[in-house]
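Note: the block below is coords-v7.txt and it holds compact mmCIF, C-alpha atoms.
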# COMPACT_ATOMS: atom_id res chain seq x y z
CA MET C 1 -39.48 -104.67 -1.07
CA THR C 2 -40.42 -101.26 -2.36
CA ASN C 3 -44.17 -100.87 -2.00
CA MET C 4 -45.26 -99.22 -5.25
CA THR C 5 -48.64 -97.54 -5.54
CA THR C 6 -47.98 -97.43 -9.29
CA GLN C 7 -45.92 -99.70 -11.50
CA GLU C 8 -42.34 -98.55 -11.97
CA TYR C 9 -40.15 -98.89 -15.03
CA LEU C 10 -36.38 -98.67 -15.04
CA TYR C 11 -34.54 -97.30 -18.06
CA LEU C 12 -30.86 -97.70 -18.79
CA VAL C 13 -29.48 -94.61 -20.50
CA ALA C 14 -26.17 -94.20 -22.32
CA ILE C 15 -24.65 -90.87 -21.28
CA PRO C 16 -21.59 -89.87 -23.36
CA SER C 17 -19.37 -87.45 -21.44
CA GLN C 18 -19.86 -84.49 -23.79
CA LEU C 19 -23.53 -85.17 -24.49
CA THR C 20 -24.95 -85.47 -20.98
CA GLU C 21 -27.58 -82.80 -21.59
CA LEU C 22 -28.69 -84.39 -24.87
CA ALA C 23 -29.10 -87.87 -23.36
CA SER C 24 -30.90 -86.42 -20.33
CA ALA C 25 -33.24 -84.44 -22.59
CA GLU C 26 -34.27 -87.61 -24.45
CA SER C 27 -34.92 -89.36 -21.14
CA VAL C 28 -37.06 -86.47 -19.86
CA THR C 29 -39.01 -86.26 -23.13
CA LEU C 30 -39.79 -89.97 -23.30
CA THR C 31 -40.03 -90.96 -19.62
CA GLY C 32 -40.60 -87.70 -17.78
CA LYS C 33 -37.54 -88.25 -15.59
CA VAL C 34 -33.86 -87.27 -15.52
CA PRO C 35 -31.34 -90.15 -15.35
CA ASN C 36 -29.15 -90.35 -12.26
CA LYS C 37 -25.35 -90.36 -12.26
CA TYR C 38 -25.34 -94.06 -13.22
CA GLY C 39 -27.55 -93.56 -16.29
CA ILE C 40 -30.60 -95.03 -14.54
CA THR C 41 -34.05 -93.51 -14.92
CA VAL C 42 -36.98 -94.78 -12.85
CA SER C 43 -40.42 -93.65 -14.01
CA ASP C 44 -44.08 -94.64 -13.83
CA ILE C 45 -44.30 -94.15 -17.61
CA CYS C 46 -43.82 -97.19 -19.85
CA VAL C 47 -42.21 -96.40 -23.20
CA ASN C 48 -41.13 -98.71 -25.99
CA VAL C 49 -37.49 -97.67 -26.36
CA CYS C 50 -37.01 -99.40 -29.72
CA ARG C 51 -36.54 -95.91 -31.23
CA GLY C 52 -34.25 -94.72 -28.44
CA ALA C 53 -30.94 -93.08 -29.26
CA TYR C 54 -29.54 -92.95 -25.73
CA LEU C 55 -32.32 -94.84 -23.96
CA LYS C 56 -31.08 -98.42 -24.26
CA SER C 57 -33.67 -100.55 -22.46
CA CYS C 58 -36.95 -100.49 -20.56
CA ILE C 59 -37.37 -102.85 -17.61
CA GLU C 60 -40.60 -103.51 -15.73
CA VAL C 61 -39.54 -103.40 -12.07
CA LEU C 62 -40.78 -106.45 -10.16
CA PHE C 63 -38.80 -106.01 -6.94
CA SER C 64 -36.27 -103.61 -5.50
CA GLY C 65 -34.31 -103.46 -2.30
CA SER C 66 -31.15 -102.31 -0.60
CA SER C 67 -29.22 -105.61 -0.71
CA VAL C 68 -28.86 -108.84 -2.65
CA GLU C 69 -30.12 -110.82 0.30
CA GLU C 70 -33.26 -108.71 0.59
CA LEU C 71 -33.94 -109.01 -3.14
CA CYS C 72 -33.49 -112.79 -3.11
CA THR C 73 -36.01 -113.06 -0.30
CA TYR C 74 -38.63 -111.27 -2.40
CA ILE C 75 -37.93 -113.33 -5.52
CA LYS C 76 -38.11 -116.62 -3.62
CA ALA C 77 -41.41 -115.65 -1.99
CA ALA C 78 -42.93 -114.72 -5.36
CA ASN C 79 -42.61 -118.27 -6.76
CA LEU C 80 -41.72 -116.98 -10.22
CA TYR C 81 -42.02 -119.43 -13.10
CA GLU C 82 -40.73 -118.96 -16.64
CA ASP C 83 -39.47 -121.36 -19.25
CA ARG C 84 -36.49 -120.30 -21.35
CA PHE C 85 -35.41 -117.40 -19.16
CA ARG C 86 -32.10 -115.67 -18.56
CA VAL C 87 -30.97 -113.48 -15.69
CA SER C 88 -28.63 -110.65 -16.68
CA VAL C 89 -26.73 -108.52 -14.17
CA ILE C 90 -25.94 -104.86 -14.90
CA LYS C 91 -23.49 -103.24 -12.50
CA LYS C 92 -23.51 -99.47 -12.13
CA PRO C 93 -20.69 -98.60 -12.21
CA LYS C 94 -19.06 -101.56 -13.93
CA SER C 95 -16.23 -101.40 -11.37
CA LEU C 96 -18.60 -102.46 -8.59
CA ASN C 97 -16.93 -105.24 -6.60
CA LEU C 98 -19.34 -108.04 -7.38
CA ASN C 99 -19.23 -111.17 -9.55
CA SER C 100 -21.99 -110.80 -12.16
CA MET C 101 -22.05 -114.48 -13.15
CA THR C 102 -22.31 -115.63 -9.54
CA LEU C 103 -25.18 -113.22 -8.83
CA ALA C 104 -27.01 -114.21 -12.03
CA SER C 105 -26.71 -117.87 -11.06
CA GLN C 106 -27.89 -117.16 -7.52
CA ILE C 107 -30.99 -115.32 -8.70
CA GLY C 108 -31.68 -117.80 -11.50
CA SER C 109 -31.79 -120.67 -8.99
CA LEU C 110 -34.78 -118.96 -7.33
CA ILE C 111 -36.88 -118.97 -10.53
CA ASP C 112 -38.80 -122.10 -11.48
CA GLY C 113 -38.58 -123.21 -15.10
CA LYS C 114 -35.85 -123.97 -17.58
CA PRO C 115 -33.17 -121.34 -18.22
CA ASP C 116 -31.99 -120.55 -21.74
CA LEU C 117 -28.85 -118.46 -21.83
CA SER C 118 -28.41 -118.33 -25.60
CA CYS C 119 -31.93 -117.64 -26.89
CA PRO C 120 -34.22 -116.72 -23.98
CA LYS C 121 -37.89 -115.87 -24.33
CA VAL C 122 -37.78 -113.79 -21.15
CA VAL C 123 -34.89 -111.77 -19.76
CA PHE C 124 -34.79 -110.76 -16.10
CA PRO C 125 -32.32 -107.88 -15.73
CA THR C 126 -30.88 -107.22 -12.29
CA VAL C 127 -29.53 -103.68 -12.01
CA ILE C 128 -27.29 -103.09 -9.01
CA THR C 129 -25.60 -100.01 -7.56
CA SER C 130 -23.85 -99.56 -4.22
CA GLU C 131 -27.10 -98.14 -2.81
CA LYS C 132 -29.89 -100.16 -4.41
CA ILE C 133 -30.76 -103.21 -6.47
CA TRP C 134 -33.65 -103.69 -8.90
CA PHE C 135 -34.99 -106.90 -10.46
CA GLY C 136 -37.42 -106.89 -13.35
CA ARG C 137 -38.56 -108.07 -16.75
CA LEU C 138 -37.05 -106.65 -19.94
CA LEU C 139 -39.79 -105.07 -22.05
CA SER C 140 -37.94 -103.35 -24.90
CA GLU C 141 -34.50 -102.36 -26.18
CA SER C 142 -33.21 -99.76 -28.62
CA ASP C 143 -32.83 -101.27 -32.07
CA GLY C 144 -29.59 -99.30 -32.58
CA MET C 145 -30.50 -98.73 -36.22
CA TRP C 146 -28.76 -95.36 -36.14
CA MET C 147 -25.47 -97.27 -36.39
CA ALA C 148 -26.51 -98.72 -39.77
CA HIS C 149 -27.83 -95.33 -40.92
CA ASP C 150 -24.36 -93.85 -40.30
CA HIS C 151 -23.12 -96.17 -43.06
CA ARG C 152 -25.67 -95.04 -45.63
CA PRO C 153 -24.43 -95.08 -49.25
CA HIS C 154 -24.59 -91.32 -49.76
CA THR C 155 -23.25 -88.79 -47.27
CA THR C 156 -21.26 -85.55 -47.01
CA SER C 157 -18.75 -84.18 -44.54
CA SER C 158 -21.46 -82.00 -42.99
CA SER C 159 -24.12 -84.72 -42.76
CA LEU C 160 -25.75 -85.04 -39.36
CA PRO C 161 -24.74 -88.12 -37.31
CA ALA C 162 -27.62 -90.59 -37.34
CA ARG C 163 -27.75 -90.89 -33.55
CA LEU C 164 -28.17 -87.13 -33.24
CA ALA C 165 -30.88 -87.23 -35.91
CA ARG C 166 -32.76 -89.86 -33.92
CA VAL C 167 -32.57 -87.77 -30.75
CA LEU C 168 -33.80 -84.72 -32.62
CA VAL C 169 -36.85 -86.61 -33.85
CA ASN C 170 -37.55 -88.05 -30.38
CA LEU C 171 -37.33 -84.63 -28.74
CA VAL C 172 -39.96 -83.02 -30.92
CA ALA C 173 -42.55 -85.58 -32.00
CA ALA C 174 -44.26 -88.90 -31.31
CA PRO C 175 -44.63 -91.86 -33.71
CA GLY C 176 -47.56 -91.42 -36.04
CA GLU C 177 -47.07 -87.68 -36.33
CA HIS C 178 -46.00 -85.99 -39.57
CA ILE C 179 -42.52 -84.52 -39.38
CA LEU C 180 -40.77 -82.28 -41.92
CA ASP C 181 -37.07 -81.73 -42.53
CA PRO C 182 -36.97 -78.76 -44.93
CA CYS C 183 -33.15 -78.85 -45.26
CA CYS C 184 -32.84 -82.61 -45.55
CA GLY C 185 -29.38 -82.88 -47.13
CA THR C 186 -28.62 -86.60 -47.47
CA GLY C 187 -31.72 -87.49 -45.45
CA THR C 188 -30.45 -88.47 -42.00
CA ILE C 189 -33.41 -87.00 -40.12
CA VAL C 190 -35.92 -88.21 -42.71
CA MET C 191 -34.54 -91.75 -42.49
CA SER C 192 -34.68 -91.74 -38.70
CA ALA C 193 -38.24 -90.44 -38.68
CA ALA C 194 -39.44 -92.94 -41.30
CA HIS C 195 -37.74 -95.85 -39.53
CA SER C 196 -39.27 -94.87 -36.17
CA GLY C 197 -42.85 -94.86 -37.41
CA PHE C 198 -43.36 -91.21 -38.30
CA GLU C 199 -44.88 -89.88 -41.49
CA ALA C 200 -41.78 -88.22 -42.90
CA SER C 201 -41.32 -85.47 -45.46
CA GLY C 202 -38.12 -83.86 -46.64
CA SER C 203 -37.11 -81.07 -48.98
CA ASP C 204 -33.92 -79.38 -50.13
CA ASN C 205 -33.05 -76.77 -52.72
CA ASN C 206 -30.13 -78.85 -54.04
CA PRO C 207 -31.07 -81.54 -56.62
CA ARG C 208 -28.00 -83.61 -55.67
CA MET C 209 -29.15 -83.77 -52.04
CA ILE C 210 -32.64 -84.82 -53.11
CA GLY C 211 -31.08 -87.61 -55.15
CA ALA C 212 -28.90 -88.69 -52.23
CA THR C 213 -31.84 -88.75 -49.80
CA THR C 214 -33.97 -90.74 -52.22
CA LYS C 215 -31.22 -93.32 -52.75
CA ASN C 216 -30.51 -93.61 -49.01
CA LEU C 217 -34.18 -94.19 -48.25
CA TYR C 218 -34.36 -96.85 -50.95
CA HIS C 219 -31.23 -98.54 -49.57
CA PHE C 220 -32.92 -99.05 -46.20
CA GLY C 221 -36.37 -99.84 -47.58
CA LEU C 222 -37.88 -96.68 -46.12
CA THR C 223 -40.64 -94.45 -47.47
CA ALA C 224 -40.90 -90.67 -47.22
CA LYS C 225 -42.15 -87.76 -49.31
CA ILE C 226 -39.17 -85.95 -50.83
CA LYS C 227 -39.39 -82.71 -52.84
CA LEU C 228 -36.98 -80.31 -54.51
CA GLU C 229 -38.07 -77.20 -52.64
CA ASP C 230 -36.48 -74.24 -50.84
CA ALA C 231 -36.96 -74.10 -47.06
CA ARG C 232 -37.95 -70.44 -47.43
CA THR C 233 -40.95 -71.32 -49.59
CA VAL C 234 -41.90 -74.88 -48.62
CA ARG C 235 -45.63 -75.24 -47.99
CA GLY C 236 -47.89 -77.62 -46.09
CA GLN C 237 -48.90 -78.32 -42.51
CA PHE C 238 -47.01 -80.72 -40.26
CA ASP C 239 -46.99 -81.82 -36.65
CA ALA C 240 -43.32 -80.96 -36.20
CA VAL C 241 -40.25 -79.60 -37.97
CA ALA C 242 -36.80 -81.06 -37.29
CA THR C 243 -33.81 -79.83 -39.25
CA ASP C 244 -30.10 -79.13 -39.26
CA LEU C 245 -30.03 -75.61 -40.61
CA PRO C 246 -27.43 -75.01 -43.36
CA TYR C 247 -24.22 -73.51 -42.06
CA GLY C 248 -20.88 -72.39 -43.41
CA ILE C 249 -19.08 -69.09 -43.91
CA SER C 250 -21.49 -67.71 -46.50
CA LEU C 251 -24.61 -68.92 -44.70
CA VAL C 252 -23.53 -67.64 -41.32
CA LYS C 253 -23.15 -64.21 -42.87
CA ASP C 254 -26.46 -64.50 -44.70
CA THR C 255 -28.71 -63.76 -41.73
CA ALA C 256 -31.51 -62.67 -44.06
CA ALA C 257 -31.77 -66.15 -45.58
CA ALA C 258 -31.81 -67.77 -42.14
CA ALA C 259 -34.53 -65.38 -41.00
CA GLU C 260 -36.63 -66.20 -44.07
CA ILE C 261 -36.29 -69.93 -43.40
CA LEU C 262 -37.35 -69.58 -39.75
CA ALA C 263 -40.20 -67.25 -40.61
CA ASN C 264 -41.62 -69.69 -43.13
CA LEU C 265 -41.22 -72.70 -40.85
CA ARG C 266 -43.03 -70.84 -38.07
CA ASN C 267 -46.21 -71.37 -40.08
CA ARG C 268 -45.56 -74.99 -40.99
CA ALA C 269 -45.75 -76.71 -37.56
CA PRO C 270 -46.39 -75.91 -33.87
CA LYS C 271 -43.27 -77.77 -32.69
CA ALA C 272 -39.73 -77.50 -33.98
CA ALA C 273 -36.21 -78.73 -33.35
CA PHE C 274 -33.40 -76.78 -34.97
CA ILE C 275 -29.67 -77.42 -34.97
CA ASP C 276 -27.39 -74.48 -35.63
CA ILE C 277 -24.02 -73.02 -34.63
CA ARG C 278 -25.66 -69.61 -34.18
CA ASP C 279 -27.74 -68.54 -31.18
CA LEU C 280 -31.28 -68.69 -32.51
CA SER C 281 -32.99 -67.76 -29.25
CA LYS C 282 -33.80 -64.14 -30.14
CA PRO C 283 -34.80 -64.80 -33.79
CA LEU C 284 -37.11 -67.59 -32.62
CA ASN C 285 -38.62 -65.49 -29.85
CA ASP C 286 -39.14 -62.62 -32.28
CA LEU C 287 -41.11 -64.97 -34.54
CA GLY C 288 -43.42 -66.03 -31.71
CA TYR C 289 -41.72 -69.26 -30.71
CA THR C 290 -41.17 -70.23 -27.11
CA VAL C 291 -37.70 -71.72 -26.80
CA ASP C 292 -38.25 -74.61 -24.41
CA THR C 293 -34.73 -76.05 -24.35
CA VAL C 294 -31.27 -75.24 -25.70
CA ILE C 295 -28.83 -78.16 -25.70
CA PRO C 296 -25.14 -77.84 -26.63
CA VAL C 297 -23.76 -80.47 -29.00
CA PRO C 298 -19.96 -80.24 -29.36
CA LYS C 299 -18.50 -81.21 -32.72
CA GLN C 300 -14.71 -81.06 -32.94
CA ARG C 301 -13.84 -77.32 -32.72
CA ILE C 302 -17.38 -75.99 -32.90
CA VAL C 303 -20.42 -76.27 -30.68
CA ARG C 304 -23.74 -76.74 -32.32
CA ARG C 305 -26.93 -76.16 -30.36
CA VAL C 306 -30.25 -77.95 -30.45
CA PHE C 307 -33.15 -75.53 -30.04
CA ILE C 308 -36.45 -77.12 -29.05
CA ALA C 309 -39.20 -74.58 -29.66
CA SER C 310 -42.97 -74.46 -29.72
CA THR C 311 -45.78 -72.06 -30.51
CA ASP C 312 -49.21 -71.52 -28.98
CA ASP C 313 -50.75 -73.05 -32.12
CA GLN C 314 -50.74 -76.57 -30.60
Would you mind writing the structure in this file as structure tokens?
Amino acid sequence: MTNMTTQEYLYLVAIPSQLTELASAESVTLTGKVPNKYGITVSDICVNVCRGAYLKSCIEVLFSGSSVEELCTYIKAANLYEDRFRVSVIKKPKSLNLNSMTLASQIGSLIDGKPDLSCPKVVFPTVITSEKIWFGRLLSESDGMWMAHDHRPHTTSSSLPARLARVLVNLVAAPGEHILDPCCGTGTIVMSAAHSGFEASGSDNNPRMIGATTKNLYHFGLTAKIKLEDARTVRGQFDAVATDLPYGISLVKDTAAAAEILANLRNRAPKAAFIDIRDLSKPLNDLGYTVDTVIPVPKQRIVRRVFIASTDDQ
């Protein structure tokens, strides 16, 4: 058994092929660790991943070893007891030559108590790779609410995907903080923030977008402060800004407007996450931001970038 001086937690991370950097960034932000090639992160930090976009589950590691036989020895010696439990087996990769049902049954026979495969009170995940095997207790799972948010009543062709909005919020702020989206559009970021326990505010200079955001929030029973206001003149103090900056042929050419937006937002919060198709590194640096991370996000024929920036005002 691995002798742990501190408790370890194992996270399962979804890593889409074109969004490896984005999924890894969320893992680092929330757990402090980069996932391995199998989408496994092991950390001494315990995080409720209910709000996770790519973090799928958090498992308290009870035992780990290099073989099934070794792991079974540890479990048997521990005299575990739970009523209404289920053992789940996660193979990494899925092509691993091992029968999941047989292994789950083998491990389950070593736990005292009554199993419940359909509605368990306790789930014991067993994560196995060709090099190592972990056994633990499931603590939390992503609620996957971003999937429902993608089917909000009001949207546009340029609306941000809800999963990306959730990542953006996770990268820049913690629940309980006040987050502003000053270019809220149909409210994807605002909805994600409100759902995840943030104090959320949104503004837009288009009355139709304000109406769409308000209706989308109402549809999901969410609360946020929404104002008809231009991002260049919005006022107030916030813990973080997260926004998908407006883009398009006219806006790309209008560098003055973009500069005015960034300059104003520089004074609104000490942390910011911006999405844009332009390289904002120099404009942000010129305004006194430190650009901590730049993450590419491919979208069809274009590549958007996520800029995570901070100031010394924290």
Would you kindly return, as a PyMOL selection string, each protein, DNA or RNA residue with an atom no farther than 12 Å from any atom of segment 263-272 of chain C, considering all atoms listed in the file and excluding same-chain residues fewer than 6 positions away? chain C and resi 168-174+177-183+230-245+256-257+283-293+306-314
I'd like the neighbourhood of segment 11-13 of chain C as a ChimeraX atom specification, where a residue qualifies if any of its atoms comes within 10 Å (using all atoms listed in the file), though same-chain residues fewer than 5 positions away should be ignored. /C:23-24,26-27,31,33-36,38-43,46-47,49,52-61,90,127,138,140-141
Any idea what the distance is between atom CA of Tyr81 of chain C and atom CA of Pro125 of chain C?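 It comes out at 15.3 Å.
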How far is it from atom CA of Ala78 of chain C to atom CA of Leu98 of chain C, in Å with one decimal?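 According to the coordinates, atom CA of Ala78 of chain C and atom CA of Leu98 of chain C are separated by 24.6 Å.
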Output as JSON the centre and edge lengths (Å, one decimal) of the box along x, y and z of the file that holds every listed atom of segment 162-175 of chain C after adding 6 Å on each side.
{"center_x": -36.1, "center_y": -87.4, "center_z": -33.0, "size_x": 29.0, "size_y": 20.8, "size_z": 20.6}
What does the structure give for the distance between atom CA of Phe124 of chain C and atom CA of Cys50 of chain C, in Å to one decimal?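 Separation between atom CA of Phe124 of chain C and atom CA of Cys50 of chain C: 17.9 Å.
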Within 7 Å of (-38.2, -114.6, -14.6) (coordinates as in the file), grab all the protein and nucleic acid residues, counting all atoms listed in the file, and write them out as a ChimeraX atom specification. /C:80-82,85,111,122-124,137
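Nearest residue to Thr126 of chain C among C:Gln106, C:Ser95, C:Ser157, C:Ser88 is C:Ser88, counting only C-alpha atoms.
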Among listed residues C:Lys132, C:Val87, C:Ser67, C:Gly144, nearest Pro120 of chain C (using all atoms listed in the file):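 Answer, going by the shortest atom-to-atom distance: C:Val87.
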C:Tyr218, C:Asn97, C:Gly176, C:Ala200: which is nearest Arg152 of chain C, counting all atoms listed in the file?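 For Arg152 of chain C, the nearest of the candidates is C:Tyr218.
Nearest to Ile295 of chain C of all the residues C:Ser196, C:Pro207, C:Gln18, C:Tyr9 is C:Gln18, counting only C-alpha atoms.
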